Amino acid sequence: MLSDLEIAQQAKILKIKEIAAKVGLTEDDLELYGNYKAKIHLDKLNSDKKDAKLILVTAINPTPAGEGKSTTTIGLADAMNKIGKNTVVALREPSFGPVLGVKGGAAGGGYAQVIPMEDINLHFTGDLHAITTATNAIAAMLDNHIQQGNELGIDPTRIILHRCLDMNDRALRNVIVGLGGPTNGVPREDHFDITVASEVMAVLCLATSLEDFKKRIARMVIAYTYDKKPVTVEDIKATGAVTLIMKDALMPNLVQTLEHTPTLIHGGPFANIAHGCNSVIATKTALKMGDYVVTEAGFGADLGAEKFLDIKCRMADLHPSCVVIVATIRALKMHGGVEKKDLAIENVEALLKGITNLEKHIENIGKYNLPYVVAINKFGTDTEAEVEALANWAKEHNHPVALSEVFAKGGAGGVELAEKVVKEIELHDGAERFAPIYDAALPIKDKIAAICTKIYGADGVEFTTTAKNQMAAIKRNGWDNLPICIAKTQYSLSDNPKLLARPTNFTITIRELKPSIGAGFIVALSGDIMTMPGLPKEPAANKMDVVNGKAVGLF
């Protein structure tokens with residue numbers, strides 16, 4: 001089979017104006033970025049059209065075997081259009097870090113991709129560059145304020161804003177700035193996050209308009225004074241400059257799938273260290289463009305789906321109609337104890353052992369009162385016995401399951417899945433409605449406990465002394481009524497990446513709490529999660545090049 005890049009390069013791509021016309025947009029509604037991608041002006045959010053049905057695609061806890069969540073999202077949307085359902089896709093933007101590292105981009109794969117693939121996975125329309133620049137502009141103005149007399153009395157040891165770079169660069173996790181004498185600033189310890197973990201990214205993704213973005217940025221807490229009072233972006237007079245830098249980046253991006261399904265790609269926070277969903281602006285725009293919208297949230301349902309449902313839906317008043325939980329037989333076997341090198345060997349026993357991970361995620365979606373369909377992303381190594389065992393399990397427990405072959409067949413390989421999703425939506429239409437799993441007014445400790453016990457399956461939560469002190473400070477400042485965004489390993493339901501399947505008898509340790517007041521949530525860091533990843537020994541970047549004017553090695 002051709003590589004993802006070769007498939008994308010050989011695909012027929014329509015002019016973006018033709019894609020826009022499918023959803024009722026004219027050239028005046030667009031800001032064109034060449035012939036094949038465009039931004040949509042924000043006034044399209046104000047349409048009087050009835051909102052589409054919203055379908056969330058999530059997954060089991062990821063493994064090195066791969067799950068194909070973005071691929072399934074794209075293929076499902078193509079399949080929905082194939083069966084006559086007017087469907088639009090809303091996705092996150094890929095980050096340079098994983099693209100150049102090991103994970104790859106977020107543009108799908110095989111015959112279920114969004115194009116132009118090279119543009120989307122590289123610079124695209126410059127949104128991530130704008131977020132990087134905006135974050136670092138705040139940092140520059142903050143350090144300059146301290147250098148120029150520090151009128152606000154900012155304590156250099158209590159600066160919580162991190163500079164950022166959209167790269168996996170472990171050398172920047174902990175740095176010293178301001179060296180070189182008095183004219184070069186005040187020396188202090190600093191840190192870099194990957195851009196997708198920055199609060200500016202979270203604000204972009206949760207803002208509902210340019211005005212809302214500006215308000216959120218203004219209240220973003222970046223430091224504390226010597227007497228421990230919060231300092232905001234507005235306090236250092238950076239709000240206007242940041243809003244100006246981000247003005248164009250707030251417009252959602254329009255592209256297409258290989259089968260020319262209109263696709264909005266906007267915002268790209270990681271789900272293990274941020275809230276893991278594309279922008280509210282893109283989702284709400286998409287909801288006015290079709291009868292169905294298929295979107296996805298990062299990593300497993302314990303991270304991306306939980307944050308989508310408890311943070312994004314709560315803030316944006318979104319009501320999903322169905323959830324698709326993606327799994328592969330390969331990944332389930334890894335959760336059952338099989339090494340990656342042995343995945344091609346039939347092992348029904350390991351499959352059934354690993355299926356407990358899928359069962360927990362199904363259970364969790366039920367706690368939100370939402371219908372679901374399990375999508376089994378089929379691989380060539382899946383045996384008849386394994387497929388039959390999975391089908392028997394689904395039948396025995398009355399789980400709606402569909403095999404998905406969109407990677408190899410595009411939309412045609414997702415028709416069964418599309419039909420089952422539509423059936424579940426129609427079956428449950430008007431039934432008990434979605435609700436978050438905790439009340440935002442609860443104390444911080446109780447909200448964290450609700451996520452950890454109800455969603456992860458933990459016995460309880462332990463807080464470090466640092467986290468307890470930060471919790472008290474957050475309450476003193478009146479921020480304790482915000483939702484919680486837990487930063488946790490994606491590989492396990494626990495905070496230990498080695499505990500696969502459905503671990504029991506474990507506790508979650510919260511080591512640090514960080515207020516993201518602009519975004520509107522409190523980040524709780526657990527385990528050894530880092531906000532600046534590193535490159536692997538053999539990064540994907542080693543194989544990338546341009547040959548005869550064409551990209552090579554990009555997946």
# chains A, B, ... in the order shown; residues from 1 in each chain; ligands from 1
call {"tool": "select_by_dssp", "arguments": {"residues": "region 36-152 of chain A", "states": "helix (DSSP H, G or I)", "output": "compact mmCIF listing (two decimals) with N, CA, C and O atoms, in the first residue's frame"}}
result
# COMPACT_ATOMS: atom_id res chain seq x y z
N LEU A 42 -15.46 35.18 11.13
CA LEU A 42 -16.14 34.81 12.36
C LEU A 42 -17.64 35.11 12.36
O LEU A 42 -18.38 34.54 13.16
N ASP A 43 -18.10 35.97 11.46
CA ASP A 43 -19.53 36.28 11.48
C ASP A 43 -20.40 35.09 11.04
O ASP A 43 -21.62 35.11 11.20
N LYS A 44 -19.78 34.03 10.49
CA LYS A 44 -20.56 32.84 10.10
C LYS A 44 -21.07 32.09 11.33
O LYS A 44 -21.92 31.21 11.23
N LEU A 45 -20.56 32.44 12.51
CA LEU A 45 -21.06 31.84 13.75
C LEU A 45 -22.50 32.28 14.05
O LEU A 45 -23.20 31.65 14.82
N ASN A 46 -22.92 33.38 13.45
CA ASN A 46 -24.20 33.98 13.79
C ASN A 46 -25.37 33.46 12.96
O ASN A 46 -26.44 34.06 12.94
N LYS A 69 -7.77 7.06 15.73
CA LYS A 69 -8.94 7.86 16.09
C LYS A 69 -9.23 8.94 15.04
O LYS A 69 -10.38 9.09 14.61
N SER A 70 -8.21 9.70 14.63
CA SER A 70 -8.43 10.73 13.61
C SER A 70 -8.82 10.10 12.28
O SER A 70 -9.70 10.62 11.57
N THR A 71 -8.20 8.99 11.95
CA THR A 71 -8.54 8.26 10.72
C THR A 71 -10.01 7.84 10.75
O THR A 71 -10.73 8.00 9.76
N THR A 72 -10.46 7.34 11.89
CA THR A 72 -11.86 6.91 12.02
C THR A 72 -12.79 8.12 11.92
O THR A 72 -13.86 8.04 11.29
N THR A 73 -12.41 9.22 12.54
CA THR A 73 -13.24 10.44 12.49
C THR A 73 -13.47 10.87 11.05
O THR A 73 -14.60 11.14 10.63
N ILE A 74 -12.39 10.93 10.29
CA ILE A 74 -12.47 11.38 8.90
C ILE A 74 -13.23 10.37 8.05
O ILE A 74 -14.12 10.74 7.26
N GLY A 75 -12.91 9.09 8.22
CA GLY A 75 -13.58 8.05 7.44
C GLY A 75 -15.07 7.96 7.76
O GLY A 75 -15.90 7.74 6.87
N LEU A 76 -15.43 8.16 9.03
CA LEU A 76 -16.83 8.15 9.42
C LEU A 76 -17.58 9.29 8.74
O LEU A 76 -18.70 9.09 8.22
N ALA A 77 -17.00 10.47 8.72
CA ALA A 77 -17.66 11.61 8.06
C ALA A 77 -17.86 11.34 6.57
O ALA A 77 -18.93 11.62 6.01
N ASP A 78 -16.83 10.79 5.92
CA ASP A 78 -16.97 10.43 4.50
C ASP A 78 -18.07 9.39 4.30
O ASP A 78 -18.87 9.47 3.36
N ALA A 79 -18.13 8.42 5.21
CA ALA A 79 -19.16 7.38 5.13
C ALA A 79 -20.56 7.95 5.36
O ALA A 79 -21.53 7.56 4.70
N MET A 80 -20.67 8.88 6.30
CA MET A 80 -21.96 9.53 6.55
C MET A 80 -22.47 10.22 5.30
O MET A 80 -23.65 10.13 4.95
N ASN A 81 -21.58 10.90 4.59
CA ASN A 81 -21.98 11.55 3.33
C ASN A 81 -22.35 10.51 2.28
O ASN A 81 -23.24 10.74 1.47
N LYS A 82 -21.67 9.36 2.33
CA LYS A 82 -21.97 8.29 1.36
C LYS A 82 -23.39 7.76 1.54
O LYS A 82 -24.04 7.36 0.57
N PHE A 96 3.90 20.56 15.59
CA PHE A 96 5.21 20.22 15.02
C PHE A 96 5.93 19.17 15.85
O PHE A 96 6.65 18.33 15.32
N GLY A 97 5.75 19.22 17.18
CA GLY A 97 6.48 18.30 18.04
C GLY A 97 6.29 16.84 17.66
O GLY A 97 7.25 16.15 17.33
N PRO A 98 5.04 16.33 17.67
CA PRO A 98 4.81 14.94 17.28
C PRO A 98 5.12 14.68 15.80
O PRO A 98 5.54 13.58 15.45
N VAL A 99 4.89 15.67 14.93
CA VAL A 99 5.17 15.47 13.51
C VAL A 99 6.65 15.16 13.30
O VAL A 99 7.02 14.25 12.55
N LEU A 100 7.51 15.92 13.97
CA LEU A 100 8.95 15.71 13.82
C LEU A 100 9.48 14.65 14.78
O LEU A 100 10.62 14.23 14.66
N MET A 117 -2.30 17.53 2.90
CA MET A 117 -1.70 16.90 4.06
C MET A 117 -0.39 17.55 4.49
O MET A 117 -0.14 17.78 5.68
N GLU A 118 0.47 17.90 3.52
CA GLU A 118 1.76 18.51 3.86
C GLU A 118 1.56 19.86 4.55
O GLU A 118 2.20 20.15 5.56
N ASP A 119 0.66 20.67 4.01
CA ASP A 119 0.41 21.98 4.60
C ASP A 119 -0.14 21.84 6.02
O ASP A 119 0.29 22.53 6.95
N ILE A 120 -1.12 20.95 6.19
CA ILE A 120 -1.78 20.80 7.48
C ILE A 120 -0.78 20.36 8.55
O ILE A 120 -0.82 20.83 9.69
N ASN A 121 0.13 19.47 8.20
CA ASN A 121 1.09 18.94 9.17
C ASN A 121 2.30 19.84 9.39
O ASN A 121 3.08 19.61 10.32
N ASP A 127 -1.47 29.37 12.53
CA ASP A 127 -2.12 29.54 13.84
C ASP A 127 -1.17 29.24 14.99
O ASP A 127 -1.12 29.98 15.98
N LEU A 128 -0.44 28.12 14.90
CA LEU A 128 0.44 27.75 16.01
C LEU A 128 1.61 28.71 16.15
O LEU A 128 2.10 28.97 17.25
N HIS A 129 2.05 29.28 15.02
CA HIS A 129 3.09 30.32 15.08
C HIS A 129 2.55 31.54 15.82
O HIS A 129 3.26 32.17 16.61
N ALA A 130 1.29 31.90 15.54
CA ALA A 130 0.68 33.06 16.20
C ALA A 130 0.57 32.83 17.70
O ALA A 130 0.86 33.74 18.50
N ILE A 131 0.17 31.63 18.09
CA ILE A 131 0.05 31.30 19.52
C ILE A 131 1.41 31.37 20.20
O ILE A 131 1.54 31.90 21.31
N THR A 132 2.44 30.84 19.53
CA THR A 132 3.80 30.90 20.06
C THR A 132 4.22 32.36 20.25
O THR A 132 4.75 32.74 21.30
N THR A 133 3.99 33.18 19.23
CA THR A 133 4.38 34.58 19.28
C THR A 133 3.62 35.33 20.37
O THR A 133 4.20 36.13 21.12
N ALA A 134 2.32 35.07 20.49
CA ALA A 134 1.51 35.75 21.50
C ALA A 134 1.99 35.41 22.91
O ALA A 134 2.12 36.29 23.77
N THR A 135 2.25 34.13 23.16
CA THR A 135 2.72 33.70 24.47
C THR A 135 4.06 34.35 24.80
O THR A 135 4.27 34.88 25.91
N ASN A 136 4.97 34.33 23.85
CA ASN A 136 6.30 34.89 24.09
C ASN A 136 6.28 36.41 24.15
O ASN A 136 7.14 37.02 24.81
N ALA A 137 5.30 37.04 23.50
CA ALA A 137 5.13 38.50 23.64
C ALA A 137 4.75 38.85 25.07
O ALA A 137 5.25 39.83 25.65
N ILE A 138 3.84 38.06 25.66
CA ILE A 138 3.47 38.29 27.06
C ILE A 138 4.70 38.13 27.96
O ILE A 138 4.96 38.95 28.85
N ALA A 139 5.48 37.08 27.71
CA ALA A 139 6.68 36.83 28.51
C ALA A 139 7.68 37.98 28.37
O ALA A 139 8.27 38.43 29.37
N ALA A 140 7.86 38.49 27.15
CA ALA A 140 8.79 39.59 26.92
C ALA A 140 8.34 40.86 27.65
O ALA A 140 9.14 41.57 28.26
N MET A 141 7.02 41.13 27.58
CA MET A 141 6.50 42.33 28.24
C MET A 141 6.54 42.19 29.76
O MET A 141 6.75 43.17 30.49
N LEU A 142 6.37 40.98 30.25
CA LEU A 142 6.46 40.72 31.68
C LEU A 142 7.88 40.96 32.18
O LEU A 142 8.11 41.68 33.18
N ASP A 143 8.86 40.37 31.50
CA ASP A 143 10.26 40.57 31.91
C ASP A 143 10.69 42.03 31.74
O ASP A 143 11.47 42.55 32.55
N ASN A 144 10.16 42.67 30.71
CA ASN A 144 10.49 44.08 30.51
C ASN A 144 9.93 44.94 31.65
O ASN A 144 10.57 45.90 32.11
N HIS A 145 8.73 44.61 32.11
CA HIS A 145 8.12 45.35 33.23
C HIS A 145 9.02 45.26 34.47
O HIS A 145 9.26 46.26 35.16
N ILE A 146 9.51 44.07 34.74
CA ILE A 146 10.39 43.88 35.89
C ILE A 146 11.68 44.67 35.70
O ILE A 146 12.16 45.36 36.62
N GLN A 147 12.24 44.61 34.49
CA GLN A 147 13.49 45.30 34.18
C GLN A 147 13.34 46.82 34.31
O GLN A 147 14.26 47.52 34.76
call {"tool": "closest_atom_pairs", "arguments": {"of": "region 172-272 of chain A", "to": "region 160-168 of chain A", "cutoff": "8 Å", "atoms": "only C-alpha atoms", "output": "JSON lines"}}
result
{"residue": "A:Asp190", "atom": "CA", "partner": "A:His162", "partner_atom": "CA", "distance": 6.8}
{"residue": "A:His191", "atom": "CA", "partner": "A:His162", "partner_atom": "CA", "distance": 5.3}
{"residue": "A:Phe192", "atom": "CA", "partner": "A:Arg163", "partner_atom": "CA", "distance": 4.7}
{"residue": "A:Asp193", "atom": "CA", "partner": "A:Cys164", "partner_atom": "CA", "distance": 4.7}
{"residue": "A:Ile194", "atom": "CA", "partner": "A:Asp166", "partner_atom": "CA", "distance": 5.0}
{"residue": "A:Thr195", "atom": "CA", "partner": "A:Asp166", "partner_atom": "CA", "distance": 4.6}
{"residue": "A:Val196", "atom": "CA", "partner": "A:Asp166", "partner_atom": "CA", "distance": 6.9}
{"residue": "A:Ser198", "atom": "CA", "partner": "A:Cys164", "partner_atom": "CA", "distance": 6.9}
{"residue": "A:Val221", "atom": "CA", "partner": "A:Leu161", "partner_atom": "CA", "distance": 7.8}
{"residue": "A:Ile222", "atom": "CA", "partner": "A:Leu161", "partner_atom": "CA", "distance": 4.7}
{"residue": "A:Ala223", "atom": "CA", "partner": "A:Ile160", "partner_atom": "CA", "distance": 5.2}
call {"tool": "residues_around", "arguments": {"residues": "Lys85 (chain A)", "least_positions_apart": "5", "cutoff": "12 Å", "atoms": "only C-alpha atoms", "output": "PyMOL selection string"}}
result
chain A and resi 52-53+76-80+261+290-294+415+418-419+421-422
call {"tool": "write_last_selection", "arguments": {"atoms": "C-alpha atoms", "output": "short mmCIF file (atom, residue, chain, number, x, y, z; two decimals), in the first residue's frame"}}
result
data_model
loop_
_atom_site.label_atom_id
_atom_site.label_comp_id
_atom_site.auth_asym_id
_atom_site.auth_seq_id
_atom_site.Cartn_x
_atom_site.Cartn_y
_atom_site.Cartn_z
CA ALA A 52 -26.38 19.83 13.50
CA LYS A 53 -26.16 16.58 15.48
CA LEU A 76 -16.83 8.15 9.42
CA ALA A 77 -17.66 11.61 8.06
CA ASP A 78 -16.97 10.43 4.50
CA ALA A 79 -19.16 7.38 5.13
CA MET A 80 -21.96 9.53 6.55
CA THR A 261 -15.98 16.35 2.83
CA GLY A 290 -24.33 20.43 8.00
CA ASP A 291 -26.86 18.08 9.55
CA TYR A 292 -24.16 16.10 11.34
CA VAL A 293 -20.73 17.11 12.66
CA VAL A 294 -18.06 14.53 13.49
CA VAL A 415 -20.68 2.57 5.97
CA ALA A 418 -22.10 5.31 9.89
CA GLU A 419 -25.38 3.41 9.77
CA VAL A 421 -24.18 5.76 14.56
CA VAL A 422 -27.26 7.19 12.82
#
call {"tool": "residues_around", "arguments": {"residues": "Asp4 (chain A)", "least_positions_apart": "2", "cutoff": "9 Å", "atoms": "only C-alpha atoms", "output": "list in words"}}
result
Leu2, Glu6, Ile7, Ala8, Gln9, Gly108, Gly109, Gly110, Tyr111, Gln113, Met117, Leu554 and Phe555 of chain A
call {"tool": "closest_atom_pairs", "arguments": {"of": "region 241-320 of chain A", "to": "region 13-19 of chain A", "cutoff": "8 Å", "atoms": "only C-alpha atoms", "output": "JSON lines"}}
result
{"residue": "A:Leu254", "atom": "CA", "partner": "A:Ile16", "partner_atom": "CA", "distance": 7.6}
{"residue": "A:Val255", "atom": "CA", "partner": "A:Ile16", "partner_atom": "CA", "distance": 6.7}
{"residue": "A:Gln256", "atom": "CA", "partner": "A:Ile19", "partner_atom": "CA", "distance": 7.0}
{"residue": "A:Leu258", "atom": "CA", "partner": "A:Ile13", "partner_atom": "CA", "distance": 7.4}
{"residue": "A:His260", "atom": "CA", "partner": "A:Ile19", "partner_atom": "CA", "distance": 6.9}
{"residue": "A:Thr261", "atom": "CA", "partner": "A:Ile19", "partner_atom": "CA", "distance": 7.6}
{"residue": "A:Pro262", "atom": "CA", "partner": "A:Ile19", "partner_atom": "CA", "distance": 5.9}
call {"tool": "residues_around", "arguments": {"residues": "Asp480 (chain A)", "least_positions_apart": "4", "cutoff": "10 Å", "atoms": "only C-alpha atoms", "output": "PyMOL selection string"}}
result
chain A and resi 440-445+447+471-476+484+515+521-522
call {"tool": "write_last_selection", "arguments": {"atoms": "C-alpha atoms", "output": "compact mmCIF listing (two decimals), in the first residue's frame"}}
result
# COMPACT_ATOMS: atom_id res chain seq x y z
CA ALA A 440 -18.37 22.98 38.98
CA ALA A 441 -19.44 24.60 42.27
CA LEU A 442 -18.01 21.69 44.29
CA PRO A 443 -14.70 22.16 46.14
CA ILE A 444 -11.61 21.48 44.00
CA LYS A 445 -10.73 18.34 45.98
CA LYS A 447 -14.12 17.65 41.60
CA MET A 471 -5.52 24.64 46.41
CA ALA A 472 -5.84 26.98 49.39
CA ALA A 473 -4.45 29.90 47.36
CA ILE A 474 -6.85 29.18 44.49
CA LYS A 475 -9.77 29.26 46.93
CA ARG A 476 -8.55 32.54 48.48
CA ILE A 484 -10.74 20.70 36.39
CA PRO A 515 -4.83 28.15 37.63
CA PHE A 521 -10.17 25.84 34.34
CA ILE A 522 -7.72 24.59 36.97
call {"tool": "closest_residue", "arguments": {"among": "A:Cys485, A:Val57, A:Leu244, A:Ile510", "to": "Gly460 (chain A)", "atoms": "only C-alpha atoms"}}
result
A:Ile510
call {"tool": "residues_around", "arguments": {"residues": "Arg433 (chain A)", "least_positions_apart": "6", "cutoff": "9 Å", "atoms": "only C-alpha atoms", "output": "PyMOL selection string"}}
result
chain A and resi 319+321+368-370
call {"tool": "write_last_selection", "arguments": {"atoms": "C-alpha atoms", "output": "CSV table (one decimal), in the first residue's frame"}}
result
chain,number,residue,atom,x,y,z
A,319,HIS,CA,-24.9,18.5,23.6
A,321,SER,CA,-25.8,13.1,20.2
A,368,TYR,CA,-22.7,11.0,30.8
A,369,ASN,CA,-26.1,9.6,29.6
A,370,LEU,CA,-24.8,9.3,26.0
call {"tool": "residues_around", "arguments": {"residues": "His41 (chain A)", "least_positions_apart": "6", "cutoff": "10 Å", "atoms": "only C-alpha atoms", "output": "ChimeraX atom specification"}}
result
/A:28-31,248,250-253,285
call {"tool": "write_last_selection", "arguments": {"atoms": "C-alpha atoms", "output": "mmCIF file, in the first residue's frame"}}
result
data_model
loop_
_atom_site.group_PDB
_atom_site.id
_atom_site.type_symbol
_atom_site.label_atom_id
_atom_site.label_comp_id
_atom_site.auth_asym_id
_atom_site.auth_seq_id
_atom_site.Cartn_x
_atom_site.Cartn_y
_atom_site.Cartn_z
ATOM 1 C CA ASP A 28 -16.667 36.810 0.584
ATOM 2 C CA ASP A 29 -17.000 34.548 3.632
ATOM 3 C CA LEU A 30 -13.413 33.330 3.239
ATOM 4 C CA GLU A 31 -9.862 34.529 3.725
ATOM 5 C CA ASP A 248 -6.501 36.108 12.164
ATOM 6 C CA LEU A 250 -9.117 33.005 15.684
ATOM 7 C CA MET A 251 -10.769 32.299 12.328
ATOM 8 C CA PRO A 252 -11.300 28.544 11.760
ATOM 9 C CA ASN A 253 -9.537 26.856 8.840
ATOM 10 C CA THR A 285 -19.273 27.040 12.914
#
call {"tool": "atom_distance", "arguments": {"atom1": "CA of Gly298 (chain A)", "atom2": "CA of Asn272 (chain A)"}}
result
7.9 Å
call {"tool": "closest_residue", "arguments": {"among": "A:Val231, A:Ile345, A:Met201, A:Leu179", "to": "Ile154 (chain A)", "atoms": "only C-alpha atoms"}}
result
A:Val231
call {"tool": "select_by_dssp", "arguments": {"residues": "region 34-245 of chain A", "states": "strand (DSSP E)", "output": "VMD selection string"}}
result
chain A and resid 38 to 40 53 to 59 87 to 91 108 to 109 112 to 115 154 to 159 163 to 165 175 to 177 188 to 190 192 to 194 221 to 225 230 to 232
call {"tool": "decode", "arguments": {"residues": "region 116-124 of chain A", "atoms": "all heavy atoms", "output": "JSON list (two decimals), in the first residue's frame"}}
result
[["chain", "number", "residue", "atom", "x", "y", "z"],
["A", 116, "PRO", "N", -4.81, 19.66, 1.99],
["A", 116, "PRO", "CA", -3.45, 19.25, 1.65],
["A", 116, "PRO", "C", -2.66, 18.81, 2.88],
["A", 116, "PRO", "O", -2.40, 19.60, 3.78],
["A", 116, "PRO", "CB", -2.84, 20.49, 1.02],
["A", 116, "PRO", "CG", -3.62, 21.63, 1.58],
["A", 116, "PRO", "CD", -5.00, 21.11, 1.83],
["A", 117, "MET", "N", -2.30, 17.53, 2.90],
["A", 117, "MET", "CA", -1.70, 16.90, 4.06],
["A", 117, "MET", "C", -0.39, 17.55, 4.49],
["A", 117, "MET", "O", -0.14, 17.78, 5.68],
["A", 117, "MET", "CB", -1.49, 15.41, 3.77],
["A", 117, "MET", "CG", -0.95, 14.65, 4.97],
["A", 117, "MET", "SD", 0.82, 14.40, 4.92],
["A", 117, "MET", "CE", 0.89, 12.64, 5.15],
["A", 118, "GLU", "N", 0.47, 17.90, 3.52],
["A", 118, "GLU", "CA", 1.76, 18.51, 3.86],
["A", 118, "GLU", "C", 1.56, 19.86, 4.55],
["A", 118, "GLU", "O", 2.20, 20.15, 5.56],
["A", 118, "GLU", "CB", 2.61, 18.70, 2.61],
["A", 118, "GLU", "CG", 3.02, 17.39, 1.95],
["A", 118, "GLU", "CD", 3.23, 17.55, 0.45],
["A", 118, "GLU", "OE1", 4.25, 18.13, 0.07],
["A", 118, "GLU", "OE2", 2.36, 17.11, -0.31],
["A", 119, "ASP", "N", 0.66, 20.67, 4.01],
["A", 119, "ASP", "CA", 0.41, 21.98, 4.60],
["A", 119, "ASP", "C", -0.14, 21.84, 6.02],
["A", 119, "ASP", "O", 0.29, 22.53, 6.95],
["A", 119, "ASP", "CB", -0.62, 22.76, 3.77],
["A", 119, "ASP", "CG", -0.08, 23.15, 2.40],
["A", 119, "ASP", "OD1", 1.00, 22.67, 2.03],
["A", 119, "ASP", "OD2", -0.74, 23.94, 1.72],
["A", 120, "ILE", "N", -1.12, 20.95, 6.19],
["A", 120, "ILE", "CA", -1.78, 20.80, 7.48],
["A", 120, "ILE", "C", -0.78, 20.36, 8.55],
["A", 120, "ILE", "O", -0.82, 20.83, 9.69],
["A", 120, "ILE", "CB", -2.95, 19.80, 7.37],
["A", 120, "ILE", "CG1", -4.05, 20.38, 6.48],
["A", 120, "ILE", "CG2", -3.51, 19.45, 8.74],
["A", 120, "ILE", "CD1", -5.08, 19.37, 6.01],
["A", 121, "ASN", "N", 0.13, 19.47, 8.20],
["A", 121, "ASN", "CA", 1.09, 18.94, 9.17],
["A", 121, "ASN", "C", 2.30, 19.84, 9.39],
["A", 121, "ASN", "O", 3.08, 19.61, 10.32],
["A", 121, "ASN", "CB", 1.57, 17.55, 8.75],
["A", 121, "ASN", "CG", 0.57, 16.47, 9.11],
["A", 121, "ASN", "OD1", 0.19, 16.34, 10.26],
["A", 121, "ASN", "ND2", 0.12, 15.71, 8.13],
["A", 122, "LEU", "N", 2.47, 20.84, 8.55],
["A", 122, "LEU", "CA", 3.61, 21.74, 8.72],
["A", 122, "LEU", "C", 3.13, 23.12, 9.17],
["A", 122, "LEU", "O", 2.61, 23.26, 10.25],
["A", 122, "LEU", "CB", 4.45, 21.77, 7.44],
["A", 122, "LEU", "CG", 5.11, 20.41, 7.10],
["A", 122, "LEU", "CD1", 5.83, 20.45, 5.77],
["A", 122, "LEU", "CD2", 6.07, 19.98, 8.21],
["A", 123, "HIS", "N", 3.22, 24.14, 8.34],
["A", 123, "HIS", "CA", 2.91, 25.49, 8.82],
["A", 123, "HIS", "C", 1.43, 25.84, 8.73],
["A", 123, "HIS", "O", 0.97, 26.74, 9.42],
["A", 123, "HIS", "CB", 3.72, 26.52, 8.02],
["A", 123, "HIS", "CG", 5.18, 26.29, 8.08],
["A", 123, "HIS", "ND1", 5.93, 26.62, 9.19],
["A", 123, "HIS", "CD2", 6.05, 25.75, 7.20],
["A", 123, "HIS", "CE1", 7.20, 26.30, 8.98],
["A", 123, "HIS", "NE2", 7.29, 25.77, 7.78],
["A", 124, "PHE", "N", 0.68, 25.15, 7.87],
["A", 124, "PHE", "CA", -0.75, 25.35, 7.68],
["A", 124, "PHE", "C", -1.04, 26.84, 7.43],
["A", 124, "PHE", "O", -0.48, 27.43, 6.52],
["A", 124, "PHE", "CB", -1.52, 24.79, 8.86],
["A", 124, "PHE", "CG", -2.97, 24.48, 8.58],
["A", 124, "PHE", "CD1", -3.43, 24.30, 7.28],
["A", 124, "PHE", "CD2", -3.88, 24.37, 9.61],
["A", 124, "PHE", "CE1", -4.77, 24.00, 7.02],
["A", 124, "PHE", "CE2", -5.22, 24.07, 9.37],
["A", 124, "PHE", "CZ", -5.66, 23.90, 8.07]]
